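Chemist: Next comes run.tsv, TSV, C-alpha atoms and all ligand atoms:
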chain	number	residue	atom	x	y	z
A	1484	MET	CA	-0.57	-21.57	1.63
A	1485	SER	CA	-0.06	-19.02	-1.07
A	1486	ARG	CA	0.46	-15.40	-0.32
A	1487	TYR	CA	-2.78	-14.68	-2.21
A	1488	CYS	CA	-4.64	-16.68	0.38
A	1489	GLU	CA	-2.65	-15.12	3.10
A	1490	ASP	CA	-4.26	-11.75	2.58
A	1491	ARG	CA	-7.52	-13.35	3.61
A	1492	ARG	CA	-5.84	-15.31	6.37
A	1493	GLU	CA	-4.38	-12.13	7.74
A	1494	PHE	CA	-7.78	-10.52	7.59
A	1495	LEU	CA	-9.34	-13.33	9.59
A	1496	LYS	CA	-6.54	-13.17	12.14
A	1497	ARG	CA	-7.05	-9.47	12.44
A	1498	ALA	CA	-10.60	-10.10	13.53
A	1499	LEU	CA	-9.16	-11.71	16.66
A	1500	ILE	CA	-6.70	-9.01	17.45
A	1501	THR	CA	-7.40	-5.67	19.01
A	1502	ALA	CA	-4.31	-3.81	18.07
A	1503	SER	CA	-4.20	-0.09	17.92
A	1504	ALA	CA	-1.38	2.31	17.45
A	1505	MET	CA	-0.93	5.74	16.00
A	1506	PRO	CA	0.25	5.33	12.44
A	1507	LEU	CA	3.48	6.86	11.32
A	1508	LEU	CA	2.29	9.09	8.57
A	1509	LEU	CA	4.42	11.95	7.48
A	1510	ASN	CA	3.75	14.28	4.65
A	1511	CYS	CA	6.58	14.70	2.19
A	1512	GLY	CA	8.34	18.02	2.10
A	1513	GLY	CA	7.67	20.96	-0.13
A	1514	ASP	CA	6.62	18.91	-3.10
A	1515	ALA	CA	3.78	17.28	-1.27
A	1516	VAL	CA	0.54	17.66	-3.09
A	1517	ALA	CA	-1.79	18.91	-0.46
A	1518	GLN	CA	-4.93	17.19	-1.54
A	1519	LYS	CA	-7.64	19.46	-0.26
A	1520	THR	CA	-9.74	16.70	1.10
A	1521	ASP	CA	-13.35	17.51	0.94
A	1522	GLY	CA	-14.61	15.72	3.99
A	1523	THR	CA	-17.63	14.55	2.12
A	1524	ILE	CA	-15.42	12.79	-0.43
A	1525	LEU	CA	-13.49	10.92	2.24
A	1526	ASP	CA	-16.67	10.12	4.11
A	1527	SER	CA	-18.16	8.78	0.90
A	1528	ILE	CA	-15.10	6.62	0.25
A	1529	LYS	CA	-15.12	5.27	3.80
A	1530	GLN	CA	-18.64	4.04	3.24
A	1531	ASN	CA	-16.96	1.38	1.11
A	1532	ALA	CA	-14.17	0.54	3.57
A	1533	ILE	CA	-13.84	-2.94	5.01
A	1534	GLN	CA	-15.32	-3.01	8.48
A	1535	ASP	CA	-15.16	-6.18	10.51
A	1536	ALA	CA	-17.23	-6.82	13.58
A	1537	ASN	CA	-14.72	-5.74	16.22
A	1538	GLY	CA	-12.89	-3.11	14.21
A	1539	ALA	CA	-9.56	-4.94	14.13
A	1540	TRP	CA	-9.05	-4.17	10.44
A	1541	ASN	CA	-8.26	-0.54	9.97
A	1542	GLY	CA	-7.26	0.07	6.40
A	1543	ALA	CA	-9.28	2.59	4.44
A	1544	ILE	CA	-11.56	3.21	7.38
A	1545	SER	CA	-8.69	4.79	9.32
A	1546	ALA	CA	-7.49	7.21	6.65
A	1547	PRO	CA	-6.66	10.56	8.25
A	1548	SER	CA	-8.68	13.60	7.29
A	1549	ASN	CA	-5.55	15.31	5.93
A	1550	VAL	CA	-4.65	12.47	3.57
A	1551	THR	CA	-2.48	13.56	0.63
A	1552	SER	CA	-1.35	12.01	-2.63
A	1553	ARG	CA	2.27	11.68	-1.42
A	1554	ILE	CA	3.54	10.22	1.83
A	1555	LEU	CA	6.79	9.41	3.54
A	1556	LEU	CA	6.74	6.27	5.65
A	1557	SER	CA	10.37	5.98	6.72
A	1558	SER	CA	12.98	8.16	8.35
A	1559	GLU	CA	16.64	8.54	7.46
A	1560	SER	CA	17.62	6.49	10.49
A	1561	ASP	CA	15.62	3.47	9.35
A	1562	LYS	CA	17.62	0.49	8.14
A	1563	GLY	CA	16.93	-0.66	4.60
A	1564	ASP	CA	17.23	0.67	1.07
A	1565	PRO	CA	15.23	3.86	0.59
A	1566	ILE	CA	12.78	3.59	-2.28
A	1567	GLU	CA	10.15	5.75	-3.96
A	1568	ILE	CA	7.25	4.22	-5.78
A	1569	SER	CA	4.86	6.35	-7.77
A	1570	GLY	CA	2.13	5.74	-10.24
A	1571	THR	CA	-1.23	6.62	-11.66
A	1572	VAL	CA	-4.51	4.99	-10.80
A	1573	TYR	CA	-6.73	4.60	-13.84
A	1574	ARG	CA	-10.38	3.81	-14.28
A	1575	PRO	CA	-11.22	0.27	-15.49
A	1576	ASP	CA	-10.49	1.37	-19.07
A	1577	GLY	CA	-6.83	1.61	-18.10
A	1578	LYS	CA	-6.53	5.05	-19.70
A	1579	THR	CA	-8.60	7.60	-17.78
A	1580	PRO	CA	-7.03	8.80	-14.50
A	1581	ALA	CA	-9.04	8.00	-11.40
A	1582	PRO	CA	-8.92	10.88	-8.90
A	1583	ASN	CA	-10.08	10.46	-5.31
A	1584	THR	CA	-8.95	6.86	-5.08
A	1585	LEU	CA	-7.91	5.98	-1.56
A	1586	ILE	CA	-4.85	3.75	-1.34
A	1587	TYR	CA	-3.90	1.93	1.83
A	1588	LEU	CA	-0.52	0.17	1.91
A	1589	TYR	CA	1.57	-1.73	4.40
A	1590	HIS	CA	4.76	-3.75	4.32
A	1591	THR	CA	7.40	-5.35	6.47
A	1592	ASP	CA	10.65	-3.84	7.63
A	1593	PHE	CA	14.06	-4.63	6.17
A	1594	GLU	CA	14.14	-8.00	7.93
A	1595	GLY	CA	10.65	-9.15	7.00
A	1596	TYR	CA	8.81	-8.25	10.19
A	1597	TYR	CA	5.64	-6.23	10.52
A	1598	GLY	CA	5.04	-4.85	14.01
A	1599	ARG	CA	7.69	-5.66	16.58
A	1600	GLY	CA	7.08	-5.62	20.30
A	1601	ASN	CA	4.01	-5.13	22.40
A	1602	GLY	CA	1.73	-2.39	21.23
A	1603	ALA	CA	2.97	-2.40	17.65
A	1604	HIS	CA	0.30	-2.33	15.00
A	1605	ARG	CA	0.07	-5.68	13.28
A	1606	HIS	CA	1.00	-3.99	10.01
A	1607	GLY	CA	3.97	-2.37	11.67
A	1608	LYS	CA	5.00	1.21	11.16
A	1609	TYR	CA	5.32	1.07	7.38
A	1610	ARG	CA	1.69	1.72	6.62
A	1611	GLY	CA	-0.13	4.70	5.26
A	1612	TRP	CA	-2.84	6.19	3.09
A	1613	MET	CA	-2.88	8.26	-0.07
A	1614	LEU	CA	-5.69	9.89	-1.99
A	1615	THR	CA	-5.03	10.34	-5.68
A	1616	GLY	CA	-5.17	13.86	-7.01
A	1617	PRO	CA	-7.05	15.11	-10.09
A	1618	ASP	CA	-4.44	13.41	-12.28
A	1619	GLY	CA	-4.84	10.08	-10.52
A	1620	LYS	CA	-1.25	10.16	-9.33
A	1621	TYR	CA	0.25	9.03	-6.03
A	1622	ALA	CA	3.72	8.48	-4.61
A	1623	PHE	CA	5.31	7.18	-1.45
A	1624	ARG	CA	8.78	6.89	-0.02
A	1625	THR	CA	9.76	4.14	2.33
A	1626	ILE	CA	12.39	1.42	2.71
A	1627	LYS	CA	12.45	-1.74	0.66
A	1628	PRO	CA	10.77	-4.57	2.58
A	1629	ALA	CA	12.25	-8.05	2.92
A	1630	PRO	CA	10.68	-11.52	2.63
A	1631	TYR	CA	9.12	-12.88	5.81
A	1632	PRO	CA	11.79	-14.39	8.09
A	1633	GLU	CA	10.86	-17.94	7.12
A	1634	ASN	CA	11.90	-16.94	3.59
A	1635	ARG	CA	9.00	-18.60	1.81
A	1636	PHE	CA	7.30	-15.63	0.19
A	1637	ALA	CA	8.74	-12.86	-1.91
A	1638	ALA	CA	9.13	-9.41	-0.41
A	1639	HIS	CA	5.97	-7.45	-1.06
A	1640	ILE	CA	3.90	-4.37	-0.36
A	1641	HIS	CA	0.20	-4.88	0.24
A	1642	MET	CA	-2.22	-2.33	-1.21
A	1643	THR	CA	-5.95	-1.85	-1.08
A	1644	LEU	CA	-7.97	0.55	-3.21
A	1645	THR	CA	-11.25	2.16	-2.23
A	1646	THR	CA	-13.41	4.70	-4.02
A	1647	SER	CA	-16.82	6.21	-3.44
A	1648	THR	CA	-18.24	3.60	-5.80
A	1649	MET	CA	-15.94	0.62	-5.21
A	1650	LYS	CA	-15.54	-1.40	-2.05
A	1651	GLU	CA	-12.11	-1.72	-0.49
A	1652	ASP	CA	-10.22	-4.59	-2.02
A	1653	TRP	CA	-6.66	-5.79	-2.39
A	1654	VAL	CA	-4.83	-5.40	-5.64
A	1655	ASP	CA	-1.81	-7.50	-6.56
A	1656	SER	CA	0.93	-6.83	-4.06
A	1657	ILE	CA	3.98	-4.99	-5.29
A	1658	LEU	CA	6.85	-7.41	-5.88
A	1659	PHE	CA	10.44	-6.75	-6.83
A	1660	GLU	CA	12.10	-8.07	-9.96
A	1661	GLY	CA	15.01	-10.34	-9.17
A	1662	ASP	CA	13.44	-11.78	-6.03
A	1663	ARG	CA	13.98	-15.53	-6.34
A	1664	LEU	CA	10.93	-16.17	-4.14
A	1665	ILE	CA	8.46	-14.82	-6.69
A	1666	SER	CA	6.32	-17.81	-7.56
A	1667	ALA	CA	5.26	-19.03	-10.98
A	1668	ARG	CA	1.68	-18.26	-10.01
A	1669	GLU	CA	2.55	-14.70	-9.08
A	1670	ARG	CA	4.20	-14.33	-12.47
A	1671	SER	CA	1.31	-15.86	-14.40
A	1672	GLU	CA	-1.38	-13.94	-12.55
A	1673	ALA	CA	0.43	-10.62	-12.40
A	1674	GLY	CA	-1.99	-7.85	-13.23
A	1675	ARG	CA	-5.09	-9.90	-12.46
A	1676	LYS	CA	-6.09	-7.49	-9.73
A	1677	GLY	CA	-5.07	-3.91	-10.26
A	1678	GLY	CA	-3.82	-4.32	-13.81
A	1679	PHE	CA	-0.39	-3.50	-15.18
A	1680	ASN	CA	2.72	-5.20	-13.86
A	1681	PRO	CA	3.12	-5.44	-10.09
A	1682	VAL	CA	6.66	-6.80	-10.39
A	1683	LEU	CA	8.73	-3.64	-10.28
A	1684	SER	CA	12.21	-2.88	-11.49
A	1685	PHE	CA	14.06	-0.05	-9.83
A	1686	GLU	CA	16.07	2.74	-11.34
A	1687	LYS	CA	18.76	4.16	-9.09
A	1688	ARG	CA	19.06	7.91	-9.38
A	1689	SER	CA	21.77	10.35	-8.33
A	1690	ASP	CA	20.11	11.02	-4.99
A	1691	GLY	CA	20.69	7.38	-4.04
A	1692	LEU	CA	17.04	6.42	-3.98
A	1693	LEU	CA	15.60	3.54	-5.93
A	1694	TYR	CA	12.63	4.59	-8.06
A	1695	ALA	CA	9.92	2.47	-9.60
A	1696	VAL	CA	6.48	2.94	-11.12
A	1697	ARG	CA	3.39	0.99	-10.15
A	1698	ASP	CA	0.38	2.02	-12.21
A	1699	LEU	CA	-2.97	0.63	-11.17
A	1700	LYS	CA	-6.35	0.04	-12.73
A	1701	LEU	CA	-9.59	0.04	-10.82
A	1702	MET	CA	-11.56	-3.15	-11.07
A	1703	ALA	CA	-14.83	-2.90	-12.93
B	1801	FE	FE	2.41	-9.61	3.86
Is it possible to express this structure as structure tokens?
Modeler:
Amino acid sequence: MSRYCEDRREFLKRALITASAMPLLLNCGGDAVAQKTDGTILDSIKQNAIQDANGAWNGAISAPSNVTSRILLSSESDKGDPIEISGTVYRPDGKTPAPNTLIYLYHTDFEGYYGRGNGAHRHGKYRGWMLTGPDGKYAFRTIKPAPYPENRFAAHIHMTLTTSTMKEDWVDSILFEGDRLISARERSEAGRKGGFNPVLSFEKRSDGLLYAVRDLKLMA
């Protein structure tokens, strides 16, 4: 089964699981853009969030009221390469920034596992929400995920986008250039959902972090 299908498979599995856990969601330091979230905006966006019958899926619907455009998902003690991914979300024209776009993301840990142990959220602790600012920009810091332990699918970061006029939907997962597990299909269909190139190349800066850009385009 392809990883594209797996998003749906995971969703169906989620419908059978009643997992709940407080998300690890930390605001970045002083450079955090404190998106003054008008509650009505977030409420409007959540009207378009995926809601399954028993509430097992909690992506956009669970965004915190203090959601910002920048988040930190990992701590210094976490194993794995620290990375920062930033970008701009554009309207379907690919040119006009799209403010107030809610991004939900989740990924595995450095060994390819989501939640570990009883009580862990099925998306693990590396999950969070961002709301793009007036310039459409967002950024998050975390650790680089690894392929699933069975080593069949490339390492990836899942993302959904939701706006007040667009229902929550997955865009192409972020992949990492050089990963031998990236499939020919992922290469050929890159950009099909979310536009631009989801296969990222990192630049290592003097602070030791790996930086990459993932721009996104809302689907018409
Ligand atoms: Fe996954």
Chemist: Out of A:Gly1611, A:Gly1661, A:Gly1595, A:Gly1616, which residue has the shortest atom-to-atom distance to ligand FE 1801 (chain B) when counting all atoms listed in the file?
Modeler: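 Once distances to ligand FE 1801 (chain B) are computed over all atoms listed in the file, the minimum belongs to A:Gly1595.
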Chemist: Using all atoms listed in the file, which protein or nucleic acid residues are at most 7 Å from ligand FE 1801 (chain B), as an MDAnalysis selection string?
Modeler: chainID A and resid 1590 1639:1641
Chemist: Check the smallest atom-to-atom distance from each of A:Glu1669, A:Asp1655, A:Asp1618, A:Glu1633 to A:Leu1699 using only C-alpha atoms, then report the winner.
Modeler: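 That would be A:Asp1655, the residue with the smallest distance to A:Leu1699.
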Chemist: Return the padded bounding box of stretch 1557-1575 of chain A as lines of an AutoDock Vina configuration file: axis-aligned, built from all atoms listed in the file, 5 Å added on each side, with centre and edge lengths in Å to one decimal.
Modeler:
center_x = 3.2
center_y = 3.9
center_z = -2.5
size_x = 38.8
size_y = 19.2
size_z = 36.0
Chemist: Which is closer to A:Asp1564 than all the others in A:Arg1663, A:Lys1627, A:Lys1676, A:Lys1687, using only C-alpha atoms?
Modeler: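 Going through A:Arg1663, A:Lys1627, A:Lys1676, A:Lys1687 one by one, the smallest distance to A:Asp1564 is for A:Lys1627.
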Chemist: Suppose you want the space between atom CA of A:Thr1625 and atom CA of A:Val1550; what is it in Å?
Modeler: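 That distance, rounded to one decimal, is 16.7 Å.
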Chemist: Please determine, counting all atoms listed in the file, which residue among A:Phe1593, A:Trp1540, A:Trp1612, A:Phe1636 has the shortest atom-to-atom distance to A:Ile1665.
Modeler: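 So, comparing all the options, the nearest one is A:Phe1636.
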Chemist: What does the structure give for the distance between atom CA of A:Pro1582 and atom CA of A:Thr1523, in Å to one decimal?
Modeler: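 Here the two named atoms are 14.5 Å from each other.
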Chemist: So, with all atoms listed in the file as the atoms that count, which of A:Tyr1609, A:Phe1679, A:Tyr1621, A:Trp1653 lies closest to A:Ser1552?
Modeler: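 That would be A:Tyr1621, the residue with the smallest distance to A:Ser1552.
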Chemist: Calculate how many Å separate atom CA of A:Glu1660 from atom CA of A:Ser1560, rounding to one decimal.
Modeler: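 Value for the atom CA of A:Glu1660-atom CA of A:Ser1560 distance: 25.7 Å.
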Chemist: Would you kindly return, as a ChimeraX atom specification, each protein, DNA or RNA residue with an atom no farther than 10 Å from any atom of stretch 1691-1696 of chain A, considering only C-alpha atoms and excluding same-chain residues fewer than 6 positions away?
Modeler: /A:1564-1571,1622,1624-1627,1659,1680-1685
Chemist: Between A:Ala1581, A:Ala1603, A:Ala1539, A:Met1613, which has the minimum distance to A:Met1649 (counting all atoms listed in the file)?
Modeler: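 Of all the options, A:Ala1581 lies closest to A:Met1649.
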